[in-house]
Amino acid sequence: MNILRTILILSLFLPTLRLSAQQHPPVFEGMTSDTTYLNIGDLEVSLVRYSYNEPNVNFLAIHDDEDTGVKAAFQYIKANGGSIVDTQYGSVRNFKFLLKDEEFQTDPNGIYTKEGRLAGLEKYGAITDDALEELEHASKTILKTYLPKHKDYIITLHNNADGGFGIRSYLPGYALESAADSVHINFQTDEDDMILVTDLKVFNLLKKENVNVILQAKTAPDDGSLSIYAMQHKIPYINVEVQHGHLEENLRLIELGVKALKEAYPELPIKKPQTEAWGF
């Protein structure tokens, strides 16, 4: 009887636990959401697409502990239409999972190439063929969910901490020097707020806007990130990277990034920002 009662109680709470993964329920009238569920070992990942109005630009948030970009995307979408796929797995940075009683960990932005999957698992511990297969499947599922029909472009949203990783990280003599072809810095802005692109045309347009912007080098080390994947597959890529809490600047850089992408590739199925986005 006690066992049956325990099973009944768990069955009542399981739907609630599954729903709790949706950390950003629709936040304004008319916004809709749908979820693709992904399992990596014992880790449950929810790929939640939030959409509003007619189809427009699509964003992707990869790290579940980076929330400012998601909020900025909501504001952009409210003003212009579009969607964002938000990767939700417990408000932490890394994927941590058990597979056949063995624990694995990696950065979810390092799983999009074979080299990146190997390096990511090795950095944190164990590597097995099964774990590599799980991560390869995860990368394909995330990409298919983000842009199910055509991989015309990729726009990701990331946030960073104050005074750590920033635009200076890409300058000569710093850690990410080899990843950068060109760097433009506006010294009147916060060095933690920047855009990374893989396309020279987009870089030059953003440089004219005098924002902090990096052009990724064609010889950048393969860390398995989406920027490397995009470059390998000749997909225009933009990453808007802003310090946690800099919501207004995050929105401004999103608008400038979308504008530059559309000007560089007018045939893409996205619209230029029509109005300045507003809060809700």
# chains A, B, ... in the order shown; residues from 1 in each chain; ligands from 1
>>> residues_around(residues="range 267-272 of chain A", least_positions_apart="4", cutoff="7 Å", atoms="only C-alpha atoms", output="ChimeraX atom specification")
/A:56-57,152,258-259,262
>>> write_last_selection(atoms="all heavy atoms", output="mmCIF file, in the first residue's frame")
data_model
loop_
_atom_site.group_PDB
_atom_site.id
_atom_site.type_symbol
_atom_site.label_atom_id
_atom_site.label_comp_id
_atom_site.auth_asym_id
_atom_site.auth_seq_id
_atom_site.Cartn_x
_atom_site.Cartn_y
_atom_site.Cartn_z
ATOM 1 N N ASN A 56 9.433 36.224 -38.342
ATOM 2 C CA ASN A 56 10.475 37.202 -38.625
ATOM 3 C C ASN A 56 11.791 36.603 -38.166
ATOM 4 O O ASN A 56 12.015 35.398 -38.339
ATOM 5 C CB ASN A 56 10.163 38.536 -37.929
ATOM 6 C CG ASN A 56 11.086 39.665 -38.381
ATOM 7 O OD1 ASN A 56 11.759 39.572 -39.398
ATOM 8 N ND2 ASN A 56 11.110 40.735 -37.620
ATOM 9 N N VAL A 57 12.665 37.371 -37.580
ATOM 10 C CA VAL A 57 13.965 36.869 -37.164
ATOM 11 C C VAL A 57 13.808 35.841 -36.042
ATOM 12 O O VAL A 57 12.924 35.943 -35.196
ATOM 13 C CB VAL A 57 14.867 38.036 -36.714
ATOM 14 C CG1 VAL A 57 14.316 38.724 -35.489
ATOM 15 C CG2 VAL A 57 16.288 37.586 -36.474
ATOM 16 N N ASP A 152 19.533 29.552 -43.011
ATOM 17 C CA ASP A 152 19.949 30.739 -43.742
ATOM 18 C C ASP A 152 20.900 31.609 -42.932
ATOM 19 O O ASP A 152 21.712 32.341 -43.487
ATOM 20 C CB ASP A 152 18.720 31.572 -44.122
ATOM 21 C CG ASP A 152 17.773 30.809 -45.038
ATOM 22 O OD1 ASP A 152 18.253 30.276 -46.046
ATOM 23 O OD2 ASP A 152 16.572 30.747 -44.729
ATOM 24 N N VAL A 258 20.564 42.686 -36.383
ATOM 25 C CA VAL A 258 19.549 42.278 -37.364
ATOM 26 C C VAL A 258 19.559 43.222 -38.563
ATOM 27 O O VAL A 258 19.485 42.787 -39.723
ATOM 28 C CB VAL A 258 18.159 42.245 -36.714
ATOM 29 C CG1 VAL A 258 17.079 41.999 -37.766
ATOM 30 C CG2 VAL A 258 18.091 41.169 -35.640
ATOM 31 N N LYS A 259 19.667 44.510 -38.296
ATOM 32 C CA LYS A 259 19.710 45.497 -39.384
ATOM 33 C C LYS A 259 20.893 45.234 -40.316
ATOM 34 O O LYS A 259 20.753 45.243 -41.551
ATOM 35 C CB LYS A 259 19.807 46.901 -38.785
ATOM 36 C CG LYS A 259 19.946 48.006 -39.825
ATOM 37 C CD LYS A 259 20.143 49.351 -39.129
ATOM 38 C CE LYS A 259 20.428 50.454 -40.136
ATOM 39 N NZ LYS A 259 20.735 51.748 -39.463
ATOM 40 N N LYS A 262 20.384 42.031 -42.436
ATOM 41 C CA LYS A 262 19.424 42.230 -43.516
ATOM 42 C C LYS A 262 20.012 43.086 -44.629
ATOM 43 O O LYS A 262 19.764 42.826 -45.814
ATOM 44 C CB LYS A 262 18.154 42.880 -42.965
ATOM 45 C CG LYS A 262 17.043 43.036 -44.001
ATOM 46 C CD LYS A 262 16.633 41.695 -44.574
ATOM 47 C CE LYS A 262 15.522 41.850 -45.598
ATOM 48 N NZ LYS A 262 15.166 40.555 -46.231
#
>>> residues_around(residues="Tyr237 in chain A", least_positions_apart="6", cutoff="7 Å", atoms="only C-alpha atoms", output="MDAnalysis selection string")
chainID A and resid 153:155 197:198 227 230
>>> closest_residue(among="A:Ile111, A:Ala138, A:Ala61, A:Ala119", to="Glu44 in chain A", atoms="only C-alpha atoms")
A:Ala138
>>> closest_residue(among="A:Leu205, A:Ile167, A:Ile235, A:Leu147", to="Glu263 in chain A", atoms="only C-alpha atoms")
A:Leu205
>>> residues_around(residues="Met231 in chain A", least_positions_apart="5", cutoff="10 Å", atoms="only C-alpha atoms", output="VMD selection string")
chain A and resid 197 to 199 216 to 218 220 226 236 to 237
>>> write_last_selection(atoms="C-alpha atoms", output="mmCIF file, in the first residue's frame")
data_model
loop_
_atom_site.group_PDB
_atom_site.id
_atom_site.type_symbol
_atom_site.label_atom_id
_atom_site.label_comp_id
_atom_site.auth_asym_id
_atom_site.auth_seq_id
_atom_site.Cartn_x
_atom_site.Cartn_y
_atom_site.Cartn_z
ATOM 1 C CA VAL A 197 30.261 37.791 -36.598
ATOM 2 C CA THR A 198 31.673 35.453 -39.228
ATOM 3 C CA ASP A 199 30.926 37.624 -42.272
ATOM 4 C CA GLN A 216 35.986 35.637 -36.448
ATOM 5 C CA ALA A 217 39.127 34.381 -38.197
ATOM 6 C CA LYS A 218 38.761 31.645 -40.796
ATOM 7 C CA ALA A 220 39.929 30.197 -35.534
ATOM 8 C CA LEU A 226 28.068 27.481 -33.239
ATOM 9 C CA PRO A 236 26.050 34.012 -41.743
ATOM 10 C CA TYR A 237 26.380 34.100 -37.958
#
>>> residues_around(residues="Ala73 in chain A", least_positions_apart="5", cutoff="8 Å", atoms="only C-alpha atoms", output="VMD selection string")
chain A and resid 59 84 251 254
>>> select_by_dssp(residues="range 151-209 of chain A", states="helix (DSSP H, G or I)", output="ChimeraX atom specification")
/A:167-170,177-179,200-208
>>> select_by_dssp(residues="range 13-163 of chain A", states="strand (DSSP E)", output="number ranges by chain")
A: 32-40, 43-52, 58-61, 82-88, 95-99, 102-106, 154-160
>>> residues_around(residues="Ser46 in chain A", least_positions_apart="6", cutoff="8 Å", atoms="only C-alpha atoms", output="ChimeraX atom specification")
/A:21-22,35-38,86-89
>>> write_last_selection(atoms="all heavy atoms", output="short mmCIF file (atom, residue, chain, number, x, y, z; two decimals), in the first residue's frame")
data_model
loop_
_atom_site.label_atom_id
_atom_site.label_comp_id
_atom_site.auth_asym_id
_atom_site.auth_seq_id
_atom_site.Cartn_x
_atom_site.Cartn_y
_atom_site.Cartn_z
N ALA A 21 10.39 23.38 -16.03
CA ALA A 21 11.53 23.66 -16.90
C ALA A 21 11.28 24.91 -17.74
O ALA A 21 12.21 25.55 -18.20
CB ALA A 21 11.82 22.47 -17.81
N GLN A 22 9.98 25.27 -17.95
CA GLN A 22 9.67 26.45 -18.74
C GLN A 22 9.81 27.68 -17.85
O GLN A 22 8.86 28.12 -17.21
CB GLN A 22 8.27 26.33 -19.33
CG GLN A 22 8.14 25.19 -20.32
CD GLN A 22 6.93 25.34 -21.21
OE1 GLN A 22 6.31 26.39 -21.25
NE2 GLN A 22 6.61 24.30 -21.94
N THR A 35 7.30 23.35 -27.12
CA THR A 35 8.52 22.77 -26.56
C THR A 35 8.90 21.47 -27.25
O THR A 35 8.06 20.61 -27.49
CB THR A 35 8.34 22.50 -25.06
OG1 THR A 35 7.99 23.72 -24.39
CG2 THR A 35 9.62 21.95 -24.44
N THR A 36 10.18 21.37 -27.58
CA THR A 36 10.78 20.11 -28.04
C THR A 36 11.62 19.57 -26.88
O THR A 36 12.47 20.28 -26.34
CB THR A 36 11.68 20.34 -29.26
OG1 THR A 36 10.89 20.84 -30.34
CG2 THR A 36 12.34 19.03 -29.69
N TYR A 37 11.36 18.33 -26.50
CA TYR A 37 12.08 17.73 -25.37
C TYR A 37 13.25 16.89 -25.89
O TYR A 37 13.12 16.14 -26.85
CB TYR A 37 11.15 16.87 -24.53
CG TYR A 37 10.08 17.67 -23.84
CD1 TYR A 37 8.76 17.61 -24.27
CD2 TYR A 37 10.39 18.52 -22.78
CE1 TYR A 37 7.77 18.36 -23.64
CE2 TYR A 37 9.41 19.27 -22.15
CZ TYR A 37 8.10 19.18 -22.59
OH TYR A 37 7.13 19.94 -21.97
N LEU A 38 14.38 17.06 -25.21
CA LEU A 38 15.62 16.38 -25.59
C LEU A 38 16.21 15.75 -24.34
O LEU A 38 16.33 16.40 -23.31
CB LEU A 38 16.58 17.40 -26.19
CG LEU A 38 18.05 16.99 -26.38
CD1 LEU A 38 18.16 15.89 -27.42
CD2 LEU A 38 18.88 18.21 -26.79
N ASP A 86 14.75 28.94 -26.61
CA ASP A 86 15.46 29.07 -25.35
C ASP A 86 15.77 27.67 -24.82
O ASP A 86 14.87 26.86 -24.59
CB ASP A 86 14.58 29.84 -24.35
CG ASP A 86 15.29 30.09 -23.04
OD1 ASP A 86 16.53 30.17 -23.04
OD2 ASP A 86 14.60 30.22 -22.01
N THR A 87 17.06 27.37 -24.64
CA THR A 87 17.50 26.06 -24.17
C THR A 87 17.45 26.05 -22.64
O THR A 87 18.19 26.77 -21.98
CB THR A 87 18.93 25.78 -24.65
OG1 THR A 87 19.02 26.02 -26.06
CG2 THR A 87 19.33 24.33 -24.38
N GLN A 88 16.58 25.20 -22.07
CA GLN A 88 16.34 25.20 -20.63
C GLN A 88 16.69 23.83 -20.04
O GLN A 88 16.17 22.81 -20.48
CB GLN A 88 14.88 25.55 -20.35
CG GLN A 88 14.50 26.93 -20.87
CD GLN A 88 13.04 27.26 -20.65
OE1 GLN A 88 12.30 26.52 -20.02
NE2 GLN A 88 12.61 28.40 -21.17
N TYR A 89 17.57 23.86 -19.02
CA TYR A 89 18.00 22.59 -18.41
C TYR A 89 18.46 22.78 -16.97
O TYR A 89 19.30 22.05 -16.47
CB TYR A 89 19.12 21.94 -19.25
CG TYR A 89 20.25 22.88 -19.61
CD1 TYR A 89 21.41 22.94 -18.83
CD2 TYR A 89 20.16 23.70 -20.72
CE1 TYR A 89 22.44 23.80 -19.15
CE2 TYR A 89 21.18 24.58 -21.06
CZ TYR A 89 22.32 24.62 -20.27
OH TYR A 89 23.34 25.49 -20.60
#
>>> residues_around(residues="Asp129 in chain A", least_positions_apart="6", cutoff="12 Å", atoms="only C-alpha atoms", output="PyMOL selection string")
chain A and resi 99-100+104+114+117-118+121+135-136
>>> residues_around(residues="Tyr50 in chain A", least_positions_apart="6", cutoff="10 Å", atoms="only C-alpha atoms", output="PyMOL selection string")
chain A and resi 24-27+31-35+58-59+70+73-74+77+82-86
>>> atom_distance(atom1="CA of Ser225 in chain A", atom2="CA of Asn109 in chain A")
4.9 Å
>>> atom_distance(atom1="CA of His137 in chain A", atom2="CA of Gly41 in chain A")
11.2 Å
